[in-house]
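Participant: Got a structure for you, written out below as structure tokens; questions coming shortly.
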Amino acid sequence: DAGVIQSPRHEVTEMGQEVTLRCKPISGHDYLFWYRQTMMRGLELLIYFNNNVPIDDSGMPEDRFSAKMPNASFSTLKIQPSEPRDSAVYFCASSLEGTEAPIYGYTFGSGTRLTVV
Amino acid sequence: GQNIDQPTEMTATEGAIVQINCTYQTSGFNGLFWYQQHAGEAPTFLSYNVLDGLEEKGRFSSFLSRSKGYSYLLLKELQMKDSASYLCAVSARRFDYKLSFGAGTTVTVRA
């Protein structure tokens, strides 16, 4: 398997523009997560899905952020309009369902480094 | 909320042993995870502990004490490639797959 695939790897955009990040999870994984990483705040969970259904979006900063998972092999995270404070590395991760916890760990994609100027 | 504390930085010599501590205060507990993240790369899963005690995987071992809200990751026979950030993460509830991560400990291995 090619692992979790994210695109683009790097994105530079102007404030106010719409940004769409894409993720293809590992085939057969039941869970998909979107995390954001910054020096100041570390890794923060934005939203996660189980079997394509959003389970917890309490980490989504505000209405400017939205995420979808139309099928088991694709998810998007959209920011509209983007702001400089959204600059971060955005990671997508997927996990196989274990028992009571993600005992097999997450597999992270390579991330999208977003810069909003 | 979840509070997970780790030291910010540690430095050690090649071939030595380093112990990275993690303390947590969370609304519940359903497992503790360690991840390794090299600079500019994605985190990779190292270990999972849910019961008290030591889990050994080659040069890496992870320990958990639930009563103390404490874990450590032990790296033995350090190699230069072990220079990375090590992230402690906690699952707070049964069947809740989200993890809360600590800020990470940057380990620098020197020759």
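Every chain in the structure tokens has a letter given in the order shown (A, B, ...), and although residue numbers restart at 1 in each chain, ligands are simply numbered from 1 in the order shown.
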Which chain B residues are at most 10 Å from chain A (counting only C-alpha atoms), as a PyMOL selection string?
Facilitator: chain B and resi 30-35+40-50+87+89+91-104
Participant: Set the distance at 10 Å and use only C-alpha atoms: which residues neighbour Glu56 (chain B) once local chain neighbours fewer than 6 positions away are removed? I'd like the list as a compact mmCIF listing (two decimals) with C-alpha atoms, in the first residue's frame.
Facilitator:
```
# COMPACT_ATOMS: atom_id res chain seq x y z
CA SER B 47 4.19 2.00 20.94
CA SER B 62 7.70 2.16 26.95
CA PHE B 63 6.49 2.13 30.53
CA LEU B 73 9.94 6.05 26.55
CA LEU B 74 13.38 4.50 26.88
```
Participant: Can you tell me which residues surround region 107-110 of chain B at a distance of at most 12 Å, considering only C-alpha atoms, apart from same-chain residues fewer than 4 positions away, and format the answer as a short mmCIF file (atom, residue, chain, number, x, y, z; two decimals) with all heavy atoms, in the first residue's frame?
Facilitator:
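Final output, saved to part_13.cif:
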```cif
data_model
loop_
_atom_site.label_atom_id
_atom_site.label_comp_id
_atom_site.auth_asym_id
_atom_site.auth_seq_id
_atom_site.Cartn_x
_atom_site.Cartn_y
_atom_site.Cartn_z
N GLN B 6 5.62 16.99 28.64
CA GLN B 6 6.88 16.34 28.31
C GLN B 6 7.98 17.41 28.38
O GLN B 6 7.69 18.59 28.15
CB GLN B 6 6.88 15.81 26.87
CG GLN B 6 5.76 14.97 26.45
CD GLN B 6 5.88 14.60 24.98
OE1 GLN B 6 4.95 14.75 24.20
NE2 GLN B 6 7.03 14.08 24.58
N PRO B 7 9.23 16.98 28.62
CA PRO B 7 10.31 17.96 28.53
C PRO B 7 10.46 18.43 27.09
O PRO B 7 10.15 17.71 26.16
CB PRO B 7 11.55 17.17 28.99
CG PRO B 7 11.18 15.74 28.81
CD PRO B 7 9.71 15.64 28.99
N THR B 8 10.94 19.64 26.93
CA THR B 8 11.04 20.21 25.58
C THR B 8 12.18 19.62 24.79
O THR B 8 12.04 19.29 23.61
CB THR B 8 11.22 21.73 25.67
OG1 THR B 8 10.15 22.28 26.43
CG2 THR B 8 11.23 22.37 24.29
N GLU B 9 13.33 19.49 25.44
CA GLU B 9 14.53 19.03 24.73
C GLU B 9 15.37 18.11 25.61
O GLU B 9 15.38 18.27 26.84
CB GLU B 9 15.40 20.22 24.32
CG GLU B 9 14.78 21.16 23.32
CD GLU B 9 15.71 22.32 23.00
OE1 GLU B 9 16.48 22.75 23.88
OE2 GLU B 9 15.66 22.81 21.86
N MET B 10 16.08 17.19 24.95
CA MET B 10 17.05 16.35 25.64
C MET B 10 18.21 16.11 24.67
O MET B 10 17.99 16.02 23.44
CB MET B 10 16.44 15.01 26.07
CG MET B 10 15.24 15.15 26.98
SD MET B 10 14.59 13.56 27.54
CE MET B 10 15.81 13.10 28.73
N THR B 11 19.40 15.98 25.23
CA THR B 11 20.58 15.70 24.42
C THR B 11 21.29 14.50 25.02
O THR B 11 21.38 14.38 26.24
CB THR B 11 21.52 16.91 24.38
OG1 THR B 11 20.82 18.03 23.85
CG2 THR B 11 22.73 16.62 23.51
N ALA B 12 21.77 13.61 24.16
CA ALA B 12 22.48 12.43 24.63
C ALA B 12 23.55 12.05 23.62
O ALA B 12 23.54 12.52 22.47
CB ALA B 12 21.52 11.28 24.86
N THR B 13 24.43 11.16 24.07
CA THR B 13 25.55 10.74 23.22
C THR B 13 25.22 9.43 22.52
O THR B 13 24.52 8.57 23.07
CB THR B 13 26.81 10.57 24.09
OG1 THR B 13 27.04 11.77 24.81
CG2 THR B 13 28.03 10.24 23.23
N GLU B 14 25.73 9.29 21.33
CA GLU B 14 25.56 8.05 20.58
C GLU B 14 25.97 6.85 21.43
O GLU B 14 27.01 6.88 22.10
CB GLU B 14 26.44 8.12 19.33
CG GLU B 14 26.12 7.13 18.25
CD GLU B 14 26.92 7.38 16.98
OE1 GLU B 14 27.94 8.12 17.05
OE2 GLU B 14 26.55 6.84 15.93
N GLY B 15 25.13 5.81 21.43
CA GLY B 15 25.41 4.62 22.22
C GLY B 15 24.85 4.64 23.63
O GLY B 15 24.79 3.62 24.30
N ALA B 16 24.42 5.80 24.07
CA ALA B 16 23.89 5.95 25.44
C ALA B 16 22.40 5.59 25.49
O ALA B 16 21.83 5.11 24.51
CB ALA B 16 24.11 7.38 25.91
N ILE B 17 21.82 5.82 26.68
CA ILE B 17 20.39 5.58 26.92
C ILE B 17 19.74 6.92 27.26
O ILE B 17 20.31 7.72 28.00
CB ILE B 17 20.19 4.60 28.09
CG1 ILE B 17 20.81 3.25 27.77
CG2 ILE B 17 18.71 4.45 28.41
CD1 ILE B 17 20.82 2.27 28.95
N VAL B 18 18.54 7.13 26.76
CA VAL B 18 17.80 8.34 27.13
C VAL B 18 16.38 7.94 27.54
O VAL B 18 15.79 7.03 26.93
CB VAL B 18 17.79 9.37 25.99
CG1 VAL B 18 16.94 8.92 24.83
CG2 VAL B 18 17.33 10.72 26.50
N GLN B 19 15.87 8.58 28.56
CA GLN B 19 14.52 8.30 29.04
C GLN B 19 13.69 9.58 28.90
O GLN B 19 14.03 10.63 29.47
CB GLN B 19 14.54 7.88 30.52
CG GLN B 19 13.15 7.62 31.10
CD GLN B 19 13.22 7.08 32.52
OE1 GLN B 19 13.95 6.15 32.82
NE2 GLN B 19 12.44 7.67 33.42
N ILE B 20 12.60 9.50 28.18
CA ILE B 20 11.72 10.65 27.94
C ILE B 20 10.46 10.44 28.77
O ILE B 20 9.74 9.46 28.58
CB ILE B 20 11.34 10.76 26.46
CG1 ILE B 20 12.59 10.78 25.58
CG2 ILE B 20 10.49 12.01 26.23
CD1 ILE B 20 12.29 10.60 24.11
N GLN B 36 7.21 8.93 16.93
CA GLN B 36 8.47 9.57 16.57
C GLN B 36 8.24 10.45 15.36
O GLN B 36 7.54 10.05 14.42
CB GLN B 36 9.51 8.49 16.22
CG GLN B 36 10.87 9.03 15.81
CD GLN B 36 11.76 7.92 15.25
OE1 GLN B 36 11.42 7.27 14.27
NE2 GLN B 36 12.91 7.71 15.87
N GLN B 37 8.81 11.65 15.39
CA GLN B 37 8.66 12.55 14.24
C GLN B 37 10.01 13.19 13.91
O GLN B 37 10.53 14.00 14.68
CB GLN B 37 7.63 13.64 14.53
CG GLN B 37 7.35 14.53 13.33
CD GLN B 37 6.25 15.56 13.59
OE1 GLN B 37 5.99 15.94 14.71
NE2 GLN B 37 5.60 16.01 12.52
N HIS B 38 10.57 12.80 12.76
CA HIS B 38 11.78 13.46 12.28
C HIS B 38 11.41 14.80 11.69
O HIS B 38 10.29 15.00 11.20
CB HIS B 38 12.49 12.59 11.23
CG HIS B 38 13.20 11.41 11.82
ND1 HIS B 38 12.69 10.14 11.80
CD2 HIS B 38 14.38 11.32 12.47
CE1 HIS B 38 13.52 9.32 12.40
NE2 HIS B 38 14.55 10.00 12.83
N ALA B 39 12.35 15.73 11.74
CA ALA B 39 12.12 17.09 11.27
C ALA B 39 11.61 17.09 9.84
O ALA B 39 12.20 16.45 8.96
CB ALA B 39 13.41 17.91 11.37
N LEU B 73 9.40 6.75 27.72
CA LEU B 73 9.94 6.05 26.55
C LEU B 73 11.44 5.96 26.75
O LEU B 73 12.11 6.96 27.01
CB LEU B 73 9.62 6.82 25.27
CG LEU B 73 10.12 6.20 23.97
CD1 LEU B 73 9.34 4.91 23.66
CD2 LEU B 73 9.98 7.18 22.80
N LEU B 74 11.95 4.74 26.67
CA LEU B 74 13.38 4.50 26.88
C LEU B 74 14.02 4.14 25.54
O LEU B 74 13.57 3.20 24.89
CB LEU B 74 13.56 3.36 27.89
CG LEU B 74 14.93 3.18 28.52
CD1 LEU B 74 15.23 4.35 29.45
CD2 LEU B 74 14.98 1.86 29.30
N LEU B 75 15.01 4.89 25.17
CA LEU B 75 15.74 4.62 23.94
C LEU B 75 17.15 4.15 24.31
O LEU B 75 17.92 4.88 24.94
CB LEU B 75 15.85 5.89 23.08
CG LEU B 75 14.64 6.39 22.31
CD1 LEU B 75 13.47 6.69 23.21
CD2 LEU B 75 15.00 7.61 21.48
N LYS B 76 17.47 2.94 23.91
CA LYS B 76 18.76 2.36 24.25
C LYS B 76 19.68 2.35 23.03
O LYS B 76 19.21 2.40 21.89
CB LYS B 76 18.58 0.94 24.79
CG LYS B 76 17.82 0.89 26.12
CD LYS B 76 17.59 -0.55 26.58
CE LYS B 76 16.39 -1.14 25.89
NZ LYS B 76 16.00 -2.46 26.46
N GLU B 77 20.99 2.23 23.31
CA GLU B 77 21.99 2.15 22.23
C GLU B 77 21.71 3.22 21.17
O GLU B 77 21.56 2.93 19.98
CB GLU B 77 21.97 0.76 21.59
CG GLU B 77 22.28 -0.35 22.59
CD GLU B 77 21.99 -1.73 22.00
OE1 GLU B 77 21.87 -1.85 20.76
OE2 GLU B 77 21.87 -2.67 22.78
N LEU B 78 21.65 4.45 21.62
CA LEU B 78 21.25 5.55 20.74
C LEU B 78 22.08 5.62 19.48
O LEU B 78 23.31 5.44 19.49
CB LEU B 78 21.38 6.88 21.48
CG LEU B 78 20.23 7.27 22.39
CD1 LEU B 78 20.58 8.50 23.20
CD2 LEU B 78 18.95 7.48 21.60
N GLN B 79 21.38 5.90 18.38
CA GLN B 79 22.02 6.09 17.09
C GLN B 79 21.69 7.50 16.59
O GLN B 79 20.70 8.11 17.03
CB GLN B 79 21.51 5.04 16.10
CG GLN B 79 21.75 3.61 16.56
CD GLN B 79 21.14 2.57 15.61
OE1 GLN B 79 20.69 2.88 14.52
NE2 GLN B 79 21.16 1.32 16.05
N MET B 80 22.50 7.98 15.67
CA MET B 80 22.29 9.34 15.16
C MET B 80 20.89 9.48 14.56
O MET B 80 20.25 10.53 14.69
CB MET B 80 23.35 9.68 14.11
CG MET B 80 24.78 9.63 14.61
SD MET B 80 25.09 10.78 15.96
CE MET B 80 25.11 12.33 15.06
N LYS B 81 20.41 8.42 13.95
CA LYS B 81 19.09 8.49 13.31
C LYS B 81 17.96 8.60 14.32
O LYS B 81 16.81 8.85 13.93
CB LYS B 81 18.86 7.25 12.44
CG LYS B 81 18.75 5.95 13.23
CD LYS B 81 18.47 4.77 12.31
CE LYS B 81 18.34 3.47 13.10
NZ LYS B 81 18.06 2.30 12.23
N ASP B 82 18.25 8.44 15.62
CA ASP B 82 17.21 8.60 16.64
C ASP B 82 16.96 10.06 16.97
O ASP B 82 16.03 10.38 17.73
CB ASP B 82 17.61 7.85 17.92
CG ASP B 82 17.75 6.36 17.72
OD1 ASP B 82 17.02 5.81 16.85
OD2 ASP B 82 18.58 5.73 18.40
N SER B 83 17.76 10.95 16.44
CA SER B 83 17.52 12.39 16.63
C SER B 83 16.19 12.73 15.98
O SER B 83 16.00 12.60 14.76
CB SER B 83 18.64 13.21 15.98
OG SER B 83 19.85 13.04 16.66
N ALA B 84 15.23 13.16 16.81
CA ALA B 84 13.86 13.39 16.34
C ALA B 84 13.05 13.97 17.49
O ALA B 84 13.55 14.09 18.62
CB ALA B 84 13.22 12.08 15.88
N SER B 85 11.81 14.28 17.21
CA SER B 85 10.87 14.67 18.26
C SER B 85 10.05 13.45 18.64
O SER B 85 9.65 12.65 17.76
CB SER B 85 9.95 15.79 17.77
OG SER B 85 9.04 16.18 18.76
N TYR B 86 9.81 13.26 19.93
CA TYR B 86 9.05 12.12 20.42
C TYR B 86 7.78 12.65 21.09
O TYR B 86 7.86 13.45 22.03
CB TYR B 86 9.90 11.28 21.37
CG TYR B 86 11.03 10.59 20.62
CD1 TYR B 86 12.22 11.25 20.39
CD2 TYR B 86 10.86 9.32 20.09
CE1 TYR B 86 13.23 10.66 19.65
CE2 TYR B 86 11.86 8.71 19.36
CZ TYR B 86 13.04 9.39 19.14
OH TYR B 86 14.03 8.80 18.39
N LEU B 87 6.66 12.19 20.59
CA LEU B 87 5.36 12.70 21.02
C LEU B 87 4.62 11.66 21.85
O LEU B 87 4.49 10.51 21.44
CB LEU B 87 4.51 13.03 19.78
CG LEU B 87 5.10 14.01 18.79
CD1 LEU B 87 4.36 13.95 17.46
CD2 LEU B 87 5.05 15.42 19.35
#
```
Participant: Using only C-alpha atoms, which of A:Gln17, A:Ser94, A:Gln6, A:Ser58 sits nearest Leu77 (chain A)?
Facilitator: A:Gln6
